[in-house]
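> Please see the structure below; I have some questions.
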Amino acid sequence: FNLKEGDYLTLNFVATDNCAQPSPQTTTSTDYSFIVISKSQMAKRIEDALLQIKDDIKKTLQIQDAAKQSEDIKQVAIPNQRRVTQKLGNASSALSDIIKDINNNKLFEPDTIDKLNEVDKTIQEVSKDKSPEVSQLLEKISAAQSKKQDAEDKSLRASAQEKQQEIADNLKDVLNSLNEWEDYQEVVNSVRDLLSEAKSLSERIKNPPSSGSADSQIRPAEDSELEKERLLEYAK
């Protein structure tokens, strides 16, 4: 299509069957519209989405801590544990979509994608297995309390709290990984900006100002050294 940044694209799908009598039937889908954005714009959107996921994980960790610490199993611990499962399921779905966008748009380096895949794997493990398992334990604790089975209540509670702590540790690991990714991307963005400055410098050296301009009083060699010093200071 020879599309460029800022272009709009609208498309639809047309399907025709092979019915001979009375004639082939054709149906057309609704229109789908897209706008072409730059890689840098796409990268910014992804970075913003990951920051939102990180914020959601922080809030989920607080909910998990509340579920672990509460003595009210039925009214507080069980509902909060279910919220943990739901919120992590949503986070995993959002992160999976982000990873697809990264792969489809060929953004970032392979090791960056590997980090995000590991994060997604951990979130899925907690949301699909660990947190639902804790919810089941809490249901058993609630049942034991209603029957005044103190020994079983104590044993189940110890098991639930151990697993809840494991979930909390997993979420802290996820946050650490996302922080590392954020720091890494800041370095990558700084290097990208530096390379852009260097490219601009190269173009200015190849095409110096005309002899009549004030800038032409600085020789190319001096211009180059001044620009290099500025770029090195920026890199620091």
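Each chain of the structure tokens is named A, B, ... in the order shown, its residues numbered from 1; ligands are numbered from 1 in display order.
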Can you pull out the residues contacting region 110-126 of chain A? Cut-off 6 Å, using only C-alpha atoms, and skip same-chain residues under 3 positions away; I want them as an MDAnalysis selection string.

chainID A and resid 92 129:131 174

> Ranking A:Ala160, A:Ile53, A:Val76, A:Cys19 by minimum distance to Ser93 (chain A) and counting only C-alpha atoms, which one comes first?

A:Ile53

> Report as a PDB file with all heavy atoms, in the first residue's frame all protein, DNA and RNA residues lying within 12 Å of Ala158 (chain A), evaluated on only C-alpha atoms, omitting residues in the same chain fewer than 6 positions from it.


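Output contents, as saved in part.pdb:
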ATOM      1  N   LYS A  68      -4.200 -11.795  53.222  1.00  0.00           N
ATOM      2  CA  LYS A  68      -3.386 -12.630  54.110  1.00  0.00           C
ATOM      3  C   LYS A  68      -3.546 -12.228  55.571  1.00  0.00           C
ATOM      4  O   LYS A  68      -3.603 -13.073  56.464  1.00  0.00           O
ATOM      5  CB  LYS A  68      -1.912 -12.537  53.701  1.00  0.00           C
ATOM      6  CG  LYS A  68      -0.972 -13.351  54.586  1.00  0.00           C
ATOM      7  CD  LYS A  68       0.467 -13.101  54.232  1.00  0.00           C
ATOM      8  CE  LYS A  68       1.386 -13.834  55.207  1.00  0.00           C
ATOM      9  NZ  LYS A  68       2.811 -13.519  54.973  1.00  0.00           N
ATOM     10  N   GLN A  69      -3.629 -10.941  55.829  1.00  0.00           N
ATOM     11  CA  GLN A  69      -3.614 -10.444  57.202  1.00  0.00           C
ATOM     12  C   GLN A  69      -4.990 -10.469  57.878  1.00  0.00           C
ATOM     13  O   GLN A  69      -5.073 -10.448  59.105  1.00  0.00           O
ATOM     14  CB  GLN A  69      -3.075  -9.012  57.217  1.00  0.00           C
ATOM     15  CG  GLN A  69      -1.625  -8.908  56.774  1.00  0.00           C
ATOM     16  CD  GLN A  69      -1.183  -7.475  56.555  1.00  0.00           C
ATOM     17  OE1 GLN A  69      -1.906  -6.538  56.866  1.00  0.00           O
ATOM     18  NE2 GLN A  69       0.017  -7.303  55.997  1.00  0.00           N
ATOM     19  N   VAL A 134      -5.492 -20.860  46.615  1.00  0.00           N
ATOM     20  CA  VAL A 134      -5.634 -20.203  47.922  1.00  0.00           C
ATOM     21  C   VAL A 134      -7.106 -19.923  48.219  1.00  0.00           C
ATOM     22  O   VAL A 134      -7.560 -20.095  49.363  1.00  0.00           O
ATOM     23  CB  VAL A 134      -4.814 -18.898  47.963  1.00  0.00           C
ATOM     24  CG1 VAL A 134      -5.134 -18.110  49.227  1.00  0.00           C
ATOM     25  CG2 VAL A 134      -3.326 -19.207  47.912  1.00  0.00           C
ATOM     26  N   LEU A 137      -8.615 -22.963  49.597  1.00  0.00           N
ATOM     27  CA  LEU A 137      -8.203 -23.178  50.988  1.00  0.00           C
ATOM     28  C   LEU A 137      -8.991 -22.279  51.937  1.00  0.00           C
ATOM     29  O   LEU A 137      -9.412 -22.716  53.025  1.00  0.00           O
ATOM     30  CB  LEU A 137      -6.708 -22.906  51.140  1.00  0.00           C
ATOM     31  CG  LEU A 137      -5.747 -24.003  50.674  1.00  0.00           C
ATOM     32  CD1 LEU A 137      -4.312 -23.511  50.738  1.00  0.00           C
ATOM     33  CD2 LEU A 137      -5.906 -25.257  51.534  1.00  0.00           C
ATOM     34  N   LEU A 138      -9.186 -21.036  51.531  1.00  0.00           N
ATOM     35  CA  LEU A 138      -9.932 -20.109  52.375  1.00  0.00           C
ATOM     36  C   LEU A 138     -11.386 -20.544  52.527  1.00  0.00           C
ATOM     37  O   LEU A 138     -11.985 -20.370  53.601  1.00  0.00           O
ATOM     38  CB  LEU A 138      -9.863 -18.695  51.784  1.00  0.00           C
ATOM     39  CG  LEU A 138      -8.477 -18.043  51.782  1.00  0.00           C
ATOM     40  CD1 LEU A 138      -8.515 -16.697  51.048  1.00  0.00           C
ATOM     41  CD2 LEU A 138      -7.966 -17.835  53.204  1.00  0.00           C
ATOM     42  N   ILE A 141     -11.319 -23.151  55.121  1.00  0.00           N
ATOM     43  CA  ILE A 141     -11.136 -22.536  56.445  1.00  0.00           C
ATOM     44  C   ILE A 141     -12.464 -21.998  56.953  1.00  0.00           C
ATOM     45  O   ILE A 141     -12.834 -22.177  58.124  1.00  0.00           O
ATOM     46  CB  ILE A 141     -10.090 -21.409  56.374  1.00  0.00           C
ATOM     47  CG1 ILE A 141      -8.704 -21.992  56.090  1.00  0.00           C
ATOM     48  CG2 ILE A 141     -10.070 -20.615  57.674  1.00  0.00           C
ATOM     49  CD1 ILE A 141      -7.652 -20.943  55.796  1.00  0.00           C
ATOM     50  N   ALA A 151      -8.701 -27.338  65.057  1.00  0.00           N
ATOM     51  CA  ALA A 151      -7.437 -27.940  64.629  1.00  0.00           C
ATOM     52  C   ALA A 151      -7.283 -27.863  63.113  1.00  0.00           C
ATOM     53  O   ALA A 151      -6.220 -27.506  62.589  1.00  0.00           O
ATOM     54  CB  ALA A 151      -7.360 -29.387  65.090  1.00  0.00           C
ATOM     55  N   GLU A 152      -8.356 -28.179  62.402  1.00  0.00           N
ATOM     56  CA  GLU A 152      -8.317 -28.121  60.936  1.00  0.00           C
ATOM     57  C   GLU A 152      -8.197 -26.683  60.470  1.00  0.00           C
ATOM     58  O   GLU A 152      -7.470 -26.383  59.513  1.00  0.00           O
ATOM     59  CB  GLU A 152      -9.573 -28.758  60.351  1.00  0.00           C
ATOM     60  CG  GLU A 152      -9.552 -28.819  58.823  1.00  0.00           C
ATOM     61  CD  GLU A 152     -10.771 -29.499  58.239  1.00  0.00           C
ATOM     62  OE1 GLU A 152     -11.659 -29.893  59.015  1.00  0.00           O
ATOM     63  OE2 GLU A 152     -10.828 -29.634  57.008  1.00  0.00           O
ATOM     64  N   GLN A 164      -0.086 -17.629  50.259  1.00  0.00           N
ATOM     65  CA  GLN A 164      -0.314 -16.206  50.024  1.00  0.00           C
ATOM     66  C   GLN A 164       1.006 -15.436  50.031  1.00  0.00           C
ATOM     67  O   GLN A 164       1.188 -14.505  49.237  1.00  0.00           O
ATOM     68  CB  GLN A 164      -1.270 -15.650  51.080  1.00  0.00           C
ATOM     69  CG  GLN A 164      -2.713 -16.066  50.866  1.00  0.00           C
ATOM     70  CD  GLN A 164      -3.605 -15.632  52.010  1.00  0.00           C
ATOM     71  OE1 GLN A 164      -3.221 -15.726  53.176  1.00  0.00           O
ATOM     72  NE2 GLN A 164      -4.801 -15.153  51.693  1.00  0.00           N
ATOM     73  N   GLN A 165       1.920 -15.813  50.904  1.00  0.00           N
ATOM     74  CA  GLN A 165       3.224 -15.167  50.924  1.00  0.00           C
ATOM     75  C   GLN A 165       3.995 -15.465  49.637  1.00  0.00           C
ATOM     76  O   GLN A 165       4.698 -14.596  49.098  1.00  0.00           O
ATOM     77  CB  GLN A 165       4.037 -15.637  52.137  1.00  0.00           C
ATOM     78  CG  GLN A 165       5.379 -14.945  52.287  1.00  0.00           C
ATOM     79  CD  GLN A 165       5.231 -13.445  52.427  1.00  0.00           C
ATOM     80  OE1 GLN A 165       4.442 -12.965  53.249  1.00  0.00           O
ATOM     81  NE2 GLN A 165       5.971 -12.685  51.617  1.00  0.00           N
TER      82      GLN A 165
END

> If you count only C-alpha atoms, which residues fall within 12 Å of Ala144 (chain A), apart from same-chain ones fewer than 2 positions away, as a list in words?

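Selected residues are Ile73, Lys74, Leu137, Leu138, Glu139, Lys140, Ile141, Ser142, Ser146, Lys147, Lys148, Gln149, Asp150, Ala151, Glu152, Asp153, Lys154, Ser155, Leu156 and Arg157 of chain A.
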
> If we count only C-alpha atoms, what is near region 33-46 of chain A at a cut-off of 9 Å, once residues fewer than 6 positions away on the same chain are taken out, given as number ranges by chain?

A: 3-12, 98, 101-102, 105-108

> Give me a file of those residues, with N, CA, C and O atoms, as a PDB file, in the first residue's frame.


ATOM      1  N   LEU A   3       2.111   2.849   2.511  1.00  0.00           N
ATOM      2  CA  LEU A   3       1.576   3.739   3.529  1.00  0.00           C
ATOM      3  C   LEU A   3       2.693   4.448   4.276  1.00  0.00           C
ATOM      4  O   LEU A   3       3.795   3.925   4.396  1.00  0.00           O
ATOM      5  N   LYS A   4       2.382   5.621   4.783  1.00  0.00           N
ATOM      6  CA  LYS A   4       3.359   6.362   5.580  1.00  0.00           C
ATOM      7  C   LYS A   4       2.688   6.896   6.832  1.00  0.00           C
ATOM      8  O   LYS A   4       1.458   6.881   6.955  1.00  0.00           O
ATOM      9  N   GLU A   5       3.499   7.377   7.743  1.00  0.00           N
ATOM     10  CA  GLU A   5       2.992   7.865   9.020  1.00  0.00           C
ATOM     11  C   GLU A   5       1.929   8.943   8.815  1.00  0.00           C
ATOM     12  O   GLU A   5       2.096   9.854   8.018  1.00  0.00           O
ATOM     13  N   GLY A   6       0.807   8.781   9.533  1.00  0.00           N
ATOM     14  CA  GLY A   6      -0.284   9.743   9.434  1.00  0.00           C
ATOM     15  C   GLY A   6      -1.379   9.336   8.465  1.00  0.00           C
ATOM     16  O   GLY A   6      -2.459   9.931   8.473  1.00  0.00           O
ATOM     17  N   ASP A   7      -1.121   8.310   7.632  1.00  0.00           N
ATOM     18  CA  ASP A   7      -2.126   7.853   6.678  1.00  0.00           C
ATOM     19  C   ASP A   7      -3.238   7.090   7.396  1.00  0.00           C
ATOM     20  O   ASP A   7      -3.006   6.436   8.415  1.00  0.00           O
ATOM     21  N   TYR A   8      -4.451   7.186   6.836  1.00  0.00           N
ATOM     22  CA  TYR A   8      -5.588   6.415   7.335  1.00  0.00           C
ATOM     23  C   TYR A   8      -5.850   5.258   6.370  1.00  0.00           C
ATOM     24  O   TYR A   8      -5.767   5.419   5.148  1.00  0.00           O
ATOM     25  N   LEU A   9      -6.186   4.108   6.922  1.00  0.00           N
ATOM     26  CA  LEU A   9      -6.494   2.936   6.106  1.00  0.00           C
ATOM     27  C   LEU A   9      -7.833   2.371   6.556  1.00  0.00           C
ATOM     28  O   LEU A   9      -8.055   2.117   7.739  1.00  0.00           O
ATOM     29  N   THR A  10      -8.750   2.225   5.607  1.00  0.00           N
ATOM     30  CA  THR A  10     -10.044   1.607   5.879  1.00  0.00           C
ATOM     31  C   THR A  10     -10.183   0.377   5.003  1.00  0.00           C
ATOM     32  O   THR A  10      -9.955   0.435   3.789  1.00  0.00           O
ATOM     33  N   LEU A  11     -10.555  -0.747   5.604  1.00  0.00           N
ATOM     34  CA  LEU A  11     -10.699  -1.974   4.821  1.00  0.00           C
ATOM     35  C   LEU A  11     -11.888  -2.771   5.336  1.00  0.00           C
ATOM     36  O   LEU A  11     -12.370  -2.566   6.450  1.00  0.00           O
ATOM     37  N   ASN A  12     -12.358  -3.684   4.496  1.00  0.00           N
ATOM     38  CA  ASN A  12     -13.404  -4.614   4.903  1.00  0.00           C
ATOM     39  C   ASN A  12     -13.165  -5.950   4.220  1.00  0.00           C
ATOM     40  O   ASN A  12     -12.271  -6.076   3.379  1.00  0.00           O
ATOM     41  N   ILE A  98       0.191  -6.696  24.608  1.00  0.00           N
ATOM     42  CA  ILE A  98       1.362  -5.840  24.423  1.00  0.00           C
ATOM     43  C   ILE A  98       2.484  -6.609  23.739  1.00  0.00           C
ATOM     44  O   ILE A  98       3.131  -6.098  22.813  1.00  0.00           O
ATOM     45  N   ASP A 101       1.799  -6.936  20.111  1.00  0.00           N
ATOM     46  CA  ASP A 101       2.064  -5.679  19.403  1.00  0.00           C
ATOM     47  C   ASP A 101       3.565  -5.475  19.193  1.00  0.00           C
ATOM     48  O   ASP A 101       3.997  -4.999  18.128  1.00  0.00           O
ATOM     49  N   ILE A 102       4.357  -5.815  20.206  1.00  0.00           N
ATOM     50  CA  ILE A 102       5.814  -5.680  20.087  1.00  0.00           C
ATOM     51  C   ILE A 102       6.340  -6.573  18.967  1.00  0.00           C
ATOM     52  O   ILE A 102       7.148  -6.140  18.132  1.00  0.00           O
ATOM     53  N   ASN A 105       5.118  -5.398  15.404  1.00  0.00           N
ATOM     54  CA  ASN A 105       5.733  -4.155  14.939  1.00  0.00           C
ATOM     55  C   ASN A 105       7.255  -4.184  14.998  1.00  0.00           C
ATOM     56  O   ASN A 105       7.906  -3.172  14.729  1.00  0.00           O
ATOM     57  N   LYS A 106       7.801  -5.354  15.396  1.00  0.00           N
ATOM     58  CA  LYS A 106       9.259  -5.527  15.453  1.00  0.00           C
ATOM     59  C   LYS A 106       9.917  -4.443  16.312  1.00  0.00           C
ATOM     60  O   LYS A 106      10.897  -3.806  15.910  1.00  0.00           O
ATOM     61  N   LEU A 107       9.341  -4.238  17.495  1.00  0.00           N
ATOM     62  CA  LEU A 107       9.867  -3.242  18.428  1.00  0.00           C
ATOM     63  C   LEU A 107      10.756  -3.921  19.474  1.00  0.00           C
ATOM     64  O   LEU A 107      10.511  -5.061  19.861  1.00  0.00           O
ATOM     65  N   PHE A 108      11.756  -3.205  19.936  1.00  0.00           N
ATOM     66  CA  PHE A 108      12.629  -3.634  21.020  1.00  0.00           C
ATOM     67  C   PHE A 108      13.482  -4.845  20.618  1.00  0.00           C
ATOM     68  O   PHE A 108      13.288  -5.456  19.575  1.00  0.00           O
TER      69      PHE A 108
END

> I'd like the interatomic distance between CA of Ile57 (chain A) and CA of Ala77 (chain A), to a tenth of an Å.

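Computed distance, CA of Ile57 (chain A) to CA of Ala77 (chain A), equals 18.1 Å.
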
> So, with only C-alpha atoms as the atoms that count, which of A:Ser70, A:Gln62, A:Gln75, A:Gln52 lies closest to Leu95 (chain A)?

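Using only C-alpha atoms, Leu95 (chain A) sits closest to A:Gln52.
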
> Mind checking which residues fall within 10 Å of Gln86 (chain A), counting only C-alpha atoms, ignoring those fewer than 3 positions away in the same chain, and posting them as a list in words?

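So, after excluding close chain neighbours, the residues are Thr60, Asn80, Gln81, Arg82, Arg83, Gly89, Asn90, Ala91, Ser92, Ser127, Lys128, Ser131 and Pro132 of chain A.
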
> For N, CA, C and O atoms, I'd like the residues from the last selection saved as an mmCIF file, in the first residue's frame.


data_model
loop_
_atom_site.group_PDB
_atom_site.id
_atom_site.type_symbol
_atom_site.label_atom_id
_atom_site.label_comp_id
_atom_site.auth_asym_id
_atom_site.auth_seq_id
_atom_site.Cartn_x
_atom_site.Cartn_y
_atom_site.Cartn_z
ATOM 1 N N THR A 60 -2.617 -4.772 43.308
ATOM 2 C CA THR A 60 -2.960 -6.170 43.553
ATOM 3 C C THR A 60 -2.155 -6.735 44.713
ATOM 4 O O THR A 60 -2.669 -7.518 45.524
ATOM 5 N N ASN A 80 -11.172 -10.712 48.753
ATOM 6 C CA ASN A 80 -9.917 -10.102 48.301
ATOM 7 C C ASN A 80 -9.083 -11.071 47.469
ATOM 8 O O ASN A 80 -8.452 -10.663 46.486
ATOM 9 N N GLN A 81 -9.068 -12.338 47.868
ATOM 10 C CA GLN A 81 -8.303 -13.313 47.093
ATOM 11 C C GLN A 81 -8.881 -13.486 45.695
ATOM 12 O O GLN A 81 -8.158 -13.641 44.713
ATOM 13 N N ARG A 82 -10.196 -13.438 45.613
ATOM 14 C CA ARG A 82 -10.846 -13.520 44.299
ATOM 15 C C ARG A 82 -10.508 -12.298 43.447
ATOM 16 O O ARG A 82 -10.352 -12.409 42.230
ATOM 17 N N ARG A 83 -10.422 -11.141 44.098
ATOM 18 C CA ARG A 83 -10.030 -9.925 43.376
ATOM 19 C C ARG A 83 -8.605 -10.054 42.837
ATOM 20 O O ARG A 83 -8.310 -9.602 41.724
ATOM 21 N N GLY A 89 -5.583 -11.842 36.165
ATOM 22 C CA GLY A 89 -6.055 -12.344 34.868
ATOM 23 C C GLY A 89 -6.148 -11.220 33.853
ATOM 24 O O GLY A 89 -5.746 -11.374 32.693
ATOM 25 N N ASN A 90 -6.668 -10.068 34.295
ATOM 26 C CA ASN A 90 -6.748 -8.894 33.406
ATOM 27 C C ASN A 90 -5.356 -8.398 33.017
ATOM 28 O O ASN A 90 -5.112 -8.023 31.861
ATOM 29 N N ALA A 91 -4.437 -8.395 33.997
ATOM 30 C CA ALA A 91 -3.076 -7.936 33.716
ATOM 31 C C ALA A 91 -2.379 -8.855 32.716
ATOM 32 O O ALA A 91 -1.672 -8.390 31.815
ATOM 33 N N SER A 92 -2.592 -10.159 32.873
ATOM 34 C CA SER A 92 -1.981 -11.112 31.944
ATOM 35 C C SER A 92 -2.519 -10.937 30.535
ATOM 36 O O SER A 92 -1.768 -10.986 29.552
ATOM 37 N N SER A 127 -2.359 -16.287 38.530
ATOM 38 C CA SER A 127 -3.786 -16.046 38.305
ATOM 39 C C SER A 127 -4.568 -17.322 38.008
ATOM 40 O O SER A 127 -5.735 -17.446 38.389
ATOM 41 N N LYS A 128 -3.929 -18.277 37.340
ATOM 42 C CA LYS A 128 -4.635 -19.494 36.930
ATOM 43 C C LYS A 128 -4.507 -20.635 37.944
ATOM 44 O O LYS A 128 -5.389 -21.507 38.005
ATOM 45 N N SER A 131 -3.443 -18.478 42.957
ATOM 46 C CA SER A 131 -4.480 -17.704 43.638
ATOM 47 C C SER A 131 -5.796 -18.471 43.757
ATOM 48 O O SER A 131 -6.413 -18.466 44.832
ATOM 49 N N PRO A 132 -6.276 -19.163 42.704
ATOM 50 C CA PRO A 132 -7.484 -19.976 42.867
ATOM 51 C C PRO A 132 -7.314 -21.081 43.923
ATOM 52 O O PRO A 132 -8.267 -21.391 44.646
#

> Using DSSP on the backbone coordinates, identify the residues of region 127-159 of chain A assigned to alpha helix (DSSP H); present them as a list in words.

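Taking region 127-159 of chain A and keeping alpha helix (DSSP H) only, one gets Ser131, Pro132, Glu133, Val134, Ser135, Gln136, Leu137, Leu138, Glu139, Lys140, Ile141, Ser142, Ala143, Ala144, Gln145, Ser146, Asp150, Ala151, Glu152, Asp153, Lys154, Ser155, Leu156, Arg157, Ala158 and Ser159 of chain A.
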
> Rounded to one decimal, what separation in Å do you get between CA of Asp169 (chain A) and CA of Leu61 (chain A)?

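It comes out at 9.2 Å.
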
> CA of Asp183 (chain A) to CA of Asp65 (chain A): how many Å, to one decimal?

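It comes out at 26.8 Å.
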